[in-house]
$ cat run-v7.tsv   # TSV, C-alpha atoms and all ligand atoms
chain	number	residue	atom	x	y	z
A	30	MET	CA	69.66	165.90	110.13
A	31	PHE	CA	68.44	162.45	111.16
A	32	ASP	CA	64.68	162.91	110.75
A	33	SER	CA	64.51	160.80	107.63
A	34	LEU	CA	67.42	158.50	108.40
A	35	PRO	CA	66.17	154.94	107.83
A	36	VAL	CA	66.15	152.51	110.74
A	37	LEU	CA	68.04	149.43	109.62
A	38	PRO	CA	66.87	145.90	110.39
A	39	PRO	CA	69.03	143.86	112.79
A	40	ASP	CA	71.78	141.65	111.37
A	41	SER	CA	70.06	138.50	110.08
A	42	ILE	CA	71.97	136.04	112.31
A	43	LEU	CA	71.96	138.21	115.43
A	44	GLY	CA	68.26	138.98	114.78
A	45	LEU	CA	67.37	135.27	114.91
A	46	ALA	CA	69.29	134.79	118.16
A	47	ALA	CA	67.34	137.73	119.62
A	48	ALA	CA	64.06	136.17	118.42
A	49	CYS	CA	65.04	132.95	120.20
A	50	ARG	CA	65.80	134.82	123.42
A	51	ALA	CA	62.35	136.44	123.24
A	52	ASP	CA	60.59	133.09	122.65
A	53	PRO	CA	58.74	132.13	125.90
A	54	ASN	CA	58.82	128.37	125.10
A	55	PRO	CA	60.99	126.78	127.86
A	56	ASP	CA	62.00	124.02	125.41
A	57	LYS	CA	63.39	126.39	122.76
A	58	VAL	CA	66.73	125.50	121.19
A	59	ASP	CA	69.14	128.09	119.77
A	60	LEU	CA	71.30	126.67	116.98
A	61	THR	CA	71.85	130.01	115.25
A	62	LEU	CA	75.03	131.69	116.50
A	63	GLY	CA	78.57	130.44	115.87
A	64	VAL	CA	79.35	130.21	119.56
A	65	TYR	CA	80.56	127.11	121.41
A	66	MET	CA	78.16	125.98	124.12
A	67	ASP	CA	78.72	123.30	126.74
A	68	GLU	CA	76.25	120.65	127.95
A	69	THR	CA	74.44	123.27	130.06
A	70	GLY	CA	74.05	125.69	127.16
A	71	LEU	CA	76.73	128.04	128.52
A	72	CYS	CA	79.54	129.51	126.44
A	73	PRO	CA	82.18	128.97	129.13
A	74	VAL	CA	85.41	130.83	129.93
A	75	PHE	CA	88.37	128.43	129.55
A	76	GLU	CA	89.94	127.54	132.94
A	77	SER	CA	93.35	128.44	131.52
A	78	VAL	CA	92.02	131.87	130.54
A	79	GLN	CA	90.52	132.34	134.00
A	80	GLN	CA	93.92	131.59	135.53
A	81	ALA	CA	95.61	134.06	133.15
A	82	GLN	CA	92.97	136.61	134.09
A	83	ARG	CA	93.63	136.20	137.83
A	84	GLU	CA	97.34	136.72	137.17
A	85	LEU	CA	96.73	139.69	134.90
A	86	VAL	CA	94.44	141.43	137.40
A	87	SER	CA	97.05	141.15	140.13
A	88	ASP	CA	100.02	142.11	137.90
A	89	GLU	CA	98.56	144.82	135.68
A	90	LYS	CA	100.06	148.19	136.58
A	91	THR	CA	98.72	150.38	133.80
A	92	LYS	CA	95.89	150.85	131.38
A	93	VAL	CA	97.98	152.97	129.03
A	94	TYR	CA	97.32	152.49	125.29
A	95	MET	CA	98.48	149.31	123.61
A	96	PRO	CA	101.18	149.72	120.97
A	97	PRO	CA	99.38	150.23	117.61
A	98	ILE	CA	100.74	146.93	116.31
A	99	GLY	CA	99.49	145.05	119.40
A	100	ASP	CA	100.86	142.94	122.22
A	101	ALA	CA	104.18	141.26	121.41
A	102	ALA	CA	103.49	138.06	123.39
A	103	TYR	CA	100.08	137.63	121.77
A	104	LEU	CA	101.37	138.20	118.25
A	105	SER	CA	104.29	135.85	118.74
A	106	GLY	CA	101.99	133.16	120.22
A	107	ILE	CA	99.51	133.47	117.35
A	108	ARG	CA	102.23	133.34	114.69
A	109	SER	CA	103.66	130.11	116.08
A	110	LEU	CA	100.24	128.59	116.53
A	111	VAL	CA	99.17	129.32	112.97
A	112	LEU	CA	102.42	128.85	111.04
A	113	GLY	CA	104.20	126.21	113.11
A	114	ALA	CA	107.91	126.30	113.91
A	115	ASP	CA	109.17	125.26	110.44
A	116	LEU	CA	107.41	127.92	108.41
A	117	GLU	CA	108.06	130.55	111.04
A	118	SER	CA	111.80	130.06	110.88
A	119	ARG	CA	111.81	129.60	107.10
A	120	PHE	CA	109.94	132.86	106.44
A	121	GLY	CA	111.62	134.98	109.16
A	122	ASN	CA	110.91	138.68	108.62
A	123	ARG	CA	108.82	137.96	105.56
A	124	VAL	CA	106.05	137.45	108.14
A	125	THR	CA	104.54	140.37	110.05
A	126	ALA	CA	101.45	140.49	112.23
A	127	VAL	CA	99.12	143.14	113.60
A	128	GLN	CA	96.69	142.65	116.48
A	129	THR	CA	93.06	143.38	115.62
A	130	PRO	CA	89.65	143.57	117.31
A	131	GLY	CA	88.69	139.93	116.70
A	132	GLY	CA	88.74	138.03	113.44
A	133	CYS	CA	86.39	140.63	111.92
A	134	GLY	CA	89.03	143.28	112.51
A	135	ALA	CA	91.61	141.00	110.90
A	136	VAL	CA	89.50	140.45	107.78
A	137	ARG	CA	88.88	144.18	107.62
A	138	LEU	CA	92.53	145.23	107.97
A	139	GLY	CA	93.53	142.56	105.46
A	140	ALA	CA	91.01	144.05	103.03
A	141	GLU	CA	92.34	147.55	103.70
A	142	VAL	CA	95.86	146.43	102.82
A	143	LEU	CA	94.65	144.71	99.65
A	144	HIS	CA	92.82	147.86	98.63
A	145	ALA	CA	95.87	150.02	99.38
A	146	ALA	CA	98.03	147.81	97.15
A	147	ALA	CA	95.48	147.24	94.37
A	148	PRO	CA	92.40	149.49	94.69
A	149	GLY	CA	89.12	147.75	93.86
A	150	THR	CA	90.78	144.40	93.32
A	151	THR	CA	88.56	141.33	92.86
A	152	VAL	CA	88.12	138.91	95.73
A	153	TRP	CA	86.76	135.44	94.95
A	154	ILE	CA	84.54	134.19	97.75
A	155	SER	CA	83.03	130.76	98.22
A	156	ASP	CA	79.35	130.19	97.50
A	157	PRO	CA	78.19	130.24	100.21
A	158	THR	CA	80.48	132.06	102.59
A	159	TRP	CA	80.12	133.66	106.02
A	160	PRO	CA	77.82	136.57	105.07
A	161	VAL	CA	79.81	139.15	107.06
A	162	HIS	CA	82.71	138.82	104.59
A	163	ILE	CA	80.73	140.94	102.15
A	164	PRO	CA	80.26	144.08	104.27
A	165	LEU	CA	83.66	143.69	105.95
A	166	MET	CA	85.59	143.63	102.67
A	167	GLY	CA	83.11	145.23	100.27
A	168	SER	CA	82.82	148.48	102.20
A	169	VAL	CA	86.57	148.96	101.71
A	170	GLY	CA	85.95	149.07	97.96
A	171	LEU	CA	86.91	145.55	96.90
A	172	GLN	CA	84.88	143.73	94.23
A	173	PHE	CA	83.55	140.19	94.58
A	174	ARG	CA	83.12	137.16	92.41
A	175	THR	CA	81.99	133.81	93.70
A	176	TYR	CA	83.32	130.33	93.17
A	177	ARG	CA	81.10	127.30	93.59
A	178	TYR	CA	81.90	125.50	96.84
A	179	TYR	CA	79.15	123.62	98.67
A	180	SER	CA	76.91	121.40	96.60
A	181	PRO	CA	73.51	120.53	98.13
A	182	GLN	CA	73.40	117.51	95.78
A	183	LEU	CA	76.78	116.17	96.89
A	184	LYS	CA	76.14	117.37	100.46
A	185	GLY	CA	79.72	118.50	100.51
A	186	LEU	CA	82.42	120.40	98.66
A	187	ASP	CA	82.17	120.35	94.87
A	188	PHE	CA	85.91	120.61	94.32
A	189	ASP	CA	85.81	120.24	90.53
A	190	ALA	CA	83.36	123.15	90.27
A	191	MET	CA	85.52	125.21	92.64
A	192	LEU	CA	88.62	124.64	90.49
A	193	ALA	CA	86.72	125.32	87.28
A	194	ASP	CA	85.50	128.68	88.60
A	195	LEU	CA	88.90	129.70	89.94
A	196	GLU	CA	90.39	128.93	86.52
A	197	GLU	CA	88.56	132.08	85.39
A	198	ALA	CA	90.31	134.31	87.92
A	199	ALA	CA	92.76	136.85	86.52
A	200	PRO	CA	96.36	137.17	87.76
A	201	GLY	CA	96.39	139.37	90.86
A	202	ASP	CA	92.86	138.42	91.95
A	203	VAL	CA	92.44	137.43	95.58
A	204	VAL	CA	90.94	134.09	96.65
A	205	LEU	CA	89.34	134.10	100.07
A	206	LEU	CA	89.53	130.63	101.62
A	207	HIS	CA	88.35	129.35	104.99
A	208	GLY	CA	91.39	127.75	106.63
A	209	CYS	CA	89.27	125.05	108.29
A	210	CYS	CA	85.72	124.41	109.53
A	211	HIS	CA	84.11	126.26	106.60
A	212	ASN	CA	81.37	128.60	107.77
A	213	PRO	CA	78.51	127.92	107.00
A	214	SER	CA	78.90	124.42	105.51
A	215	GLY	CA	81.50	122.59	107.64
A	216	ALA	CA	82.85	121.13	104.37
A	217	ASP	CA	86.63	121.48	104.01
A	218	PRO	CA	89.07	120.49	101.25
A	219	SER	CA	91.12	117.32	101.86
A	220	ALA	CA	94.92	117.54	102.27
A	221	GLN	CA	95.33	116.60	98.61
A	222	GLN	CA	92.80	119.21	97.51
A	223	TRP	CA	94.62	121.89	99.51
A	224	GLN	CA	97.76	120.95	97.60
A	225	GLN	CA	95.90	121.23	94.30
A	226	LEU	CA	94.60	124.63	95.36
A	227	ALA	CA	98.14	125.74	96.18
A	228	GLU	CA	99.25	124.70	92.68
A	229	LEU	CA	96.37	126.54	91.05
A	230	LEU	CA	97.09	129.71	93.04
A	231	VAL	CA	100.74	129.66	91.97
A	232	GLU	CA	99.99	128.81	88.35
A	233	ARG	CA	97.37	131.55	87.95
A	234	GLN	CA	99.21	134.07	90.17
A	235	LEU	CA	96.32	134.44	92.59
A	236	LEU	CA	96.73	135.80	96.08
A	237	PRO	CA	95.27	133.72	98.91
A	238	MET	CA	93.61	135.36	101.85
A	239	ILE	CA	92.78	132.81	104.50
A	240	ASP	CA	90.12	133.36	107.12
A	241	PHE	CA	91.26	131.25	110.04
A	242	ALA	CA	88.64	131.57	112.75
A	243	TYR	CA	88.34	127.97	113.98
A	244	GLN	CA	91.82	126.47	114.43
A	245	GLY	CA	91.53	123.53	116.82
A	246	MET	CA	87.74	123.23	116.56
A	247	GLY	CA	87.79	120.69	113.69
A	248	ALA	CA	90.36	117.91	113.89
A	249	GLY	CA	92.94	119.58	116.17
A	250	LEU	CA	95.32	122.55	116.31
A	251	GLU	CA	97.97	121.07	114.02
A	252	GLU	CA	95.61	119.18	111.71
A	253	ASP	CA	93.42	122.24	111.12
A	254	ALA	CA	96.46	124.31	110.06
A	255	GLN	CA	97.72	121.85	107.43
A	256	GLY	CA	95.81	123.30	104.47
A	257	LEU	CA	96.90	126.85	105.23
A	258	ARG	CA	100.49	125.71	105.72
A	259	SER	CA	100.59	123.84	102.43
A	260	ILE	CA	99.42	127.00	100.67
A	261	MET	CA	101.98	129.10	102.52
A	262	GLY	CA	104.75	126.72	101.51
A	263	SER	CA	103.92	127.33	97.85
A	264	VAL	CA	102.84	130.91	97.25
A	265	PRO	CA	104.98	134.06	97.44
A	266	GLU	CA	102.48	136.29	99.25
A	267	MET	CA	99.47	135.73	101.46
A	268	ILE	CA	97.21	137.23	104.15
A	269	ILE	CA	95.79	135.30	107.11
A	270	ALA	CA	92.96	136.61	109.32
A	271	VAL	CA	93.02	134.96	112.75
A	272	SER	CA	90.34	135.01	115.43
A	273	SER	CA	90.86	134.12	119.09
A	274	SER	CA	87.12	134.25	119.74
A	275	LYS	CA	86.36	130.56	119.40
A	276	ASN	CA	89.51	128.59	120.15
A	277	ILE	CA	90.51	130.69	123.18
A	278	GLY	CA	86.91	131.61	123.98
A	279	LEU	CA	87.53	135.37	123.99
A	280	TYR	CA	84.48	136.32	121.92
A	281	ARG	CA	83.53	139.57	123.67
A	282	GLU	CA	87.11	140.63	124.32
A	283	ARG	CA	87.69	141.08	120.59
A	284	ALA	CA	91.11	139.48	120.11
A	285	GLY	CA	92.46	138.60	116.69
A	286	ALA	CA	95.40	139.20	114.39
A	287	VAL	CA	96.13	139.68	110.73
A	288	ILE	CA	99.28	137.94	109.50
A	289	PHE	CA	101.03	139.17	106.37
A	290	ILE	CA	103.44	137.15	104.25
A	291	GLY	CA	105.32	139.38	101.86
A	292	GLY	CA	107.55	138.52	98.91
A	293	ASP	CA	110.43	140.01	100.91
A	294	ASP	CA	111.01	141.60	104.32
A	295	ARG	CA	110.26	145.10	103.06
A	296	ALA	CA	106.91	144.10	101.55
A	297	ALA	CA	105.88	142.37	104.78
A	298	GLU	CA	106.79	145.49	106.74
A	299	ALA	CA	104.87	147.68	104.29
A	300	MET	CA	101.77	145.51	104.63
A	301	ALA	CA	101.84	145.72	108.45
A	302	SER	CA	102.43	149.48	108.33
A	303	GLN	CA	99.41	149.91	106.05
A	304	ALA	CA	97.28	147.85	108.43
A	305	VAL	CA	98.37	149.97	111.41
A	306	ALA	CA	97.58	153.15	109.44
A	307	ALA	CA	94.15	151.77	108.47
A	308	ALA	CA	93.42	151.00	112.14
A	309	ARG	CA	94.49	154.55	113.08
A	310	ARG	CA	91.87	155.90	110.70
A	311	VAL	CA	89.12	154.02	112.54
A	312	TYR	CA	89.90	152.93	116.11
A	313	SER	CA	93.60	153.74	116.65
A	314	MET	CA	94.74	151.03	119.06
A	315	PRO	CA	93.56	147.45	119.53
A	316	PRO	CA	91.77	146.45	122.74
A	317	ALA	CA	94.10	145.07	125.40
A	318	HIS	CA	92.39	142.63	127.72
A	319	GLY	CA	91.74	139.62	125.46
A	320	ALA	CA	95.12	139.75	123.74
A	321	LEU	CA	96.92	140.08	127.08
A	322	LEU	CA	95.08	137.00	128.35
A	323	ALA	CA	95.76	134.99	125.20
A	324	GLY	CA	99.38	136.17	125.19
A	325	ARG	CA	99.80	134.80	128.73
A	326	VAL	CA	98.11	131.51	127.89
A	327	LEU	CA	100.18	130.98	124.75
A	328	SER	CA	103.52	131.97	126.29
A	329	SER	CA	103.25	130.06	129.60
A	330	PRO	CA	104.05	126.35	129.14
A	331	GLU	CA	101.63	125.34	131.94
A	332	LEU	CA	98.72	127.51	130.83
A	333	ARG	CA	99.27	126.57	127.22
A	334	GLN	CA	99.19	122.88	128.01
A	335	ALA	CA	96.00	123.32	130.05
A	336	TRP	CA	94.42	125.31	127.21
A	337	VAL	CA	95.33	122.69	124.60
A	338	LEU	CA	93.64	120.02	126.72
A	339	GLU	CA	90.52	122.14	127.15
A	340	LEU	CA	90.37	122.80	123.42
A	341	GLU	CA	90.79	119.10	122.67
A	342	GLN	CA	87.85	118.36	124.95
A	343	ILE	CA	85.70	120.92	123.14
A	344	CYS	CA	86.70	119.51	119.77
A	345	GLY	CA	85.98	115.98	120.99
A	346	ARG	CA	82.57	116.99	122.30
A	347	ILE	CA	81.60	118.66	119.03
A	348	ASN	CA	82.67	115.59	117.07
A	349	GLY	CA	80.76	113.35	119.51
A	350	LEU	CA	77.63	115.48	119.04
A	351	ARG	CA	78.03	115.23	115.27
A	352	ALA	CA	78.10	111.45	115.48
A	353	SER	CA	75.09	111.25	117.85
A	354	PHE	CA	73.05	113.68	115.76
A	355	ARG	CA	73.90	111.85	112.52
A	356	ASP	CA	72.93	108.48	114.02
A	357	ALA	CA	69.73	109.77	115.63
A	358	LEU	CA	68.55	111.41	112.40
A	359	ALA	CA	69.38	108.31	110.36
A	360	THR	CA	67.50	106.05	112.80
A	361	ALA	CA	64.47	108.34	112.92
A	362	THR	CA	64.18	108.83	109.17
A	363	GLY	CA	65.89	105.85	107.53
A	364	ARG	CA	67.80	108.41	105.45
A	365	ASP	CA	71.53	108.94	105.04
A	366	PHE	CA	72.95	111.72	107.21
A	367	ASP	CA	76.59	110.63	106.92
A	368	PHE	CA	77.56	114.05	105.60
A	369	ILE	CA	77.12	115.46	109.13
A	370	GLY	CA	79.94	113.22	110.34
A	371	ARG	CA	82.24	114.18	107.46
A	372	GLU	CA	82.06	117.92	108.18
A	373	ASN	CA	84.39	119.85	110.47
A	374	GLY	CA	83.83	122.36	113.23
A	375	MET	CA	80.65	123.77	114.62
A	376	PHE	CA	78.51	124.11	111.51
A	377	SER	CA	76.38	121.90	109.34
A	378	PHE	CA	73.77	122.47	106.67
A	379	LEU	CA	70.82	120.19	107.26
A	380	GLY	CA	69.65	120.52	103.67
A	381	LEU	CA	66.20	121.85	104.61
A	382	SER	CA	64.24	124.43	102.64
A	383	VAL	CA	63.77	127.99	103.91
A	384	GLU	CA	60.14	127.13	104.60
A	385	GLN	CA	61.12	124.09	106.68
A	386	ALA	CA	63.67	126.13	108.67
A	387	GLN	CA	61.01	128.77	109.33
A	388	ARG	CA	58.47	126.15	110.44
A	389	LEU	CA	61.03	124.72	112.84
A	390	ARG	CA	61.27	128.15	114.43
A	391	SER	CA	57.57	129.02	114.49
A	392	GLU	CA	56.13	125.57	115.31
A	393	LYS	CA	58.89	123.91	117.32
A	394	SER	CA	61.00	126.78	118.74
A	395	VAL	CA	64.09	125.21	117.16
A	396	TYR	CA	66.11	128.13	115.82
A	397	MET	CA	68.43	127.71	112.85
A	398	LEU	CA	69.30	130.01	109.96
A	399	ASP	CA	67.02	130.06	106.88
A	400	SER	CA	69.76	128.19	105.04
A	401	SER	CA	69.31	125.39	107.66
A	402	ARG	CA	72.83	126.00	108.96
A	403	ILE	CA	72.99	124.79	112.52
A	404	ASN	CA	75.54	125.20	115.27
A	405	ILE	CA	76.23	121.60	116.29
A	406	ALA	CA	77.58	122.85	119.64
A	407	GLY	CA	74.09	124.13	120.49
A	408	LEU	CA	72.97	120.49	120.80
A	409	ASN	CA	73.23	118.64	124.11
A	410	ALA	CA	71.97	115.48	125.76
A	411	GLY	CA	68.87	117.37	126.94
A	412	ASN	CA	67.74	118.75	123.57
A	413	LEU	CA	69.15	116.41	120.91
A	414	SER	CA	66.13	114.13	120.62
A	415	ARG	CA	63.77	117.13	120.65
A	416	VAL	CA	65.69	118.65	117.73
A	417	VAL	CA	65.64	115.33	115.87
A	418	ASP	CA	61.85	114.97	116.40
A	419	ALA	CA	61.34	118.56	115.24
A	420	VAL	CA	63.42	118.03	112.07
A	421	VAL	CA	61.55	114.79	111.32
A	422	SER	CA	58.23	116.62	111.71
A	423	VAL	CA	59.05	119.05	108.89
A	424	LEU	CA	60.75	116.58	106.55
A	501	LIG	C1	84.36	132.51	109.15
A	501	LIG	C2	84.52	133.52	110.22
A	501	LIG	N1	85.47	134.46	110.11
A	501	LIG	C3	85.66	135.39	111.04
A	501	LIG	C4	84.88	135.43	112.17
A	501	LIG	C5	85.13	136.56	113.11
A	501	LIG	O1	85.17	136.28	114.41
A	501	LIG	P1	85.38	137.38	115.53
A	501	LIG	O2	85.39	138.73	114.93
A	501	LIG	O3	84.23	137.19	116.46
A	501	LIG	O4	86.69	137.03	116.16
A	501	LIG	C6	83.85	134.49	112.34
A	501	LIG	C7	82.96	134.54	113.50
A	501	LIG	O5	81.90	133.98	113.57
A	501	LIG	C8	83.68	133.50	111.34
A	501	LIG	O6	82.74	132.57	111.43
$ encode --input "run-v7.tsv" --output "structure tokens"
Amino acid sequence: MFDSLPVLPPDSILGLAAACRADPNPDKVDLTLGVYMDETGLCPVFESVQQAQRELVSDEKTKVYMPPIGDAAYLSGIRSLVLGADLESRFGNRVTAVQTPGGCGAVRLGAEVLHAAAPGTTVWISDPTWPVHIPLMGSVGLQFRTYRYYSPQLKGLDFDAMLADLEEAAPGDVVLLHGCCHNPSGADPSAQQWQQLAELLVERQLLPMIDFAYQGMGAGLEEDAQGLRSIMGSVPEMIIAVSSSKNIGLYRERAGAVIFIGGDDRAAEAMASQAVAAARRVYSMPPAHGALLAGRVLSSPELRQAWVLELEQICGRINGLRASFRDALATATGRDFDFIGRENGMFSFLGLSVEQAQRLRSEKSVYMLDSSRINIAGLNAGNLSRVVDAVVSVL
């Protein structure tokens, strides 16, 4: 049966990370993956999560299946974190949530619910977007159109072009937005632009789906949620895909949640029930460990406070690296790299050609995506000047 089954190439991003691992150059630098790394190049476990893990290991009495909807403490913690107390109490049972295997699982279950409600509906995605959105949502049967987003000329968001493209969307179309720290560009709408987007969504009866994978990695937990919350305050229905991979550091544990906002309590319940049924068709129950850890961190005042401090330090370090990298590039080249400081989160486009990005890999062992997207958190005091020299050499 499988004799002629084609062997597929590795995922483009994961493939580059593997190429970097195989590179014997001791001075190689991996800026490919969207993973936070500390000064030593390690993606660390948060101290607060380690504490929760010690407690969980000594308290855990069973490994019985999780409830299909997920862990109650985790879901309640994530809802408050994302929505904030005001919206949570205002929307009450119009909000439901289902635990998922990571943010990918959340995007997928969100897409399944969209497809169940409106088969083959059109989803507007930013150009560019995180490439995995396409297989995650497209394989459900949804259609895509793109709206202009990042402009290489402006080195930032082209908001007028974005609005002009979304003006063409038909009522009932879905608009996929990145809640903060846009992947791959790092360019986010301003507070005023979020408000304008909310008005456009209402006016044209478009349904927002927000991919929220980086809360707390840009400007802070509250600040990063403002755009999403201004949309939620305006529209009748919405879907939010949340990841706990980055901001709680649970990457391999696969913890995430999809939040549904329905026009009324019944609709919200229906959306969650469809998500649970879609999960049953594929993997049945969500994984336990990561969500149980995050649930403990978010529900314990001490652990939560410790986690918030750790996340603030991470956010501060990323923003410090942005500033150092921007200044070092500007000094070395005499060119303007201010856009690096204006972006949010871990990613930045350096504005290099595919050929330049490939030369950086083959000649300098500095690994970035062909689009010249880099993970700022892959920089550190030991490699920053090497990366700057390498970039200058291909400019
Ligand atoms: C924009 C975006 N959405 C969703 C995810 C999914 O994250 P995970 O499934 O690892 O939680 C990622 C991860 O890189 C991402 O960058």
$ residues_near_ligand --input "run-v7.tsv" --ligand "ligand LIG 501 (chain A)" --cutoff "10 Å" --atoms "all atoms listed in the file" --output "PyMOL selection string"
chain A and resi 62-64+129-137+158-162+165+206-213+239-243+270-276+278-286+375-376
$ residues_near_point --input "run-v7.tsv" --point "(64.9, 137.4, 118.8)" --cutoff "12 Å" --atoms "all atoms listed in the file" --output "count of residues only"
24
$ residues_near_point --input "run-v7.tsv" --point "(92.2, 123.4, 120.2)" --cutoff "9 Å" --atoms "only C-alpha atoms" --output "count of residues only"
20
$ residues_around --input "run-v7.tsv" --residues "Gln303 of chain A" --least-positions-apart "3" --cutoff "12 Å" --atoms "all atoms listed in the file" --output "list in words"
Pro97, Ile98, Thr125, Ala126, Val127, Leu138, Gly139, Ala140, Glu141, Val142, Leu143, His144, Ala145, Ala146, Val287, Phe289, Ala296, Ala297, Glu298, Ala299, Met300, Ala306, Ala307, Ala308, Arg309 and Arg310 of chain A
$ atom_distance --input "run-v7.tsv" --atom1 "atom CA of Val264 of chain A" --atom2 "atom CA of Ile107 of chain A"
20.5 Å
$ atom_distance --input "run-v7.tsv" --atom1 "atom CA of Gln224 of chain A" --atom2 "atom CA of Asp189 of chain A"
13.9 Å
$ closest_residue --input "run-v7.tsv" --among "A:Ser329, A:Gln222, A:Gln334, A:Asn404" --to "Glu84 of chain A" --atoms "only C-alpha atoms"
A:Ser329
$ atom_distance --input "run-v7.tsv" --atom1 "atom CA of Val395 of chain A" --atom2 "atom CA of Leu71 of chain A"
17.2 Å
$ residues_around --input "run-v7.tsv" --residues "Arg108 of chain A" --least-positions-apart "3" --cutoff "10 Å" --atoms "all atoms listed in the file" --output "list in words"
Ala102, Tyr103, Leu104, Ser105, Val111, Leu112, Gly113, Ala114, Leu116, Glu117, Val124, Thr125, Ala126, Val271, Ala286, Val287 and Ile288 of chain A
$ axis_aligned_box --input "run-v7.tsv" --around "segment 190-205 of chain A" --padding-each-side "3 Å" --output "JSON"
{"center_x": 89.9, "center_y": 131.3, "center_z": 92.7, "size_x": 19.0, "size_y": 22.2, "size_z": 20.7}
$ closest_residue --input "run-v7.tsv" --among "A:Ala323, A:Ala254, A:Ala147, A:Asp100" --to "Leu236 of chain A" --atoms "all atoms listed in the file"
A:Ala147
$ residues_around --input "run-v7.tsv" --residues "segment 381-384 of chain A" --least-positions-apart "4" --cutoff "8 Å" --atoms "only C-alpha atoms" --output "list in words"
Arg388, Asp399, Ser400, Ser401 and Leu424 of chain A
$ closest_residue --input "run-v7.tsv" --among "A:Val231, A:Val417, A:Val326, A:Ala406" --to "Met66 of chain A" --atoms "only C-alpha atoms"
A:Ala406
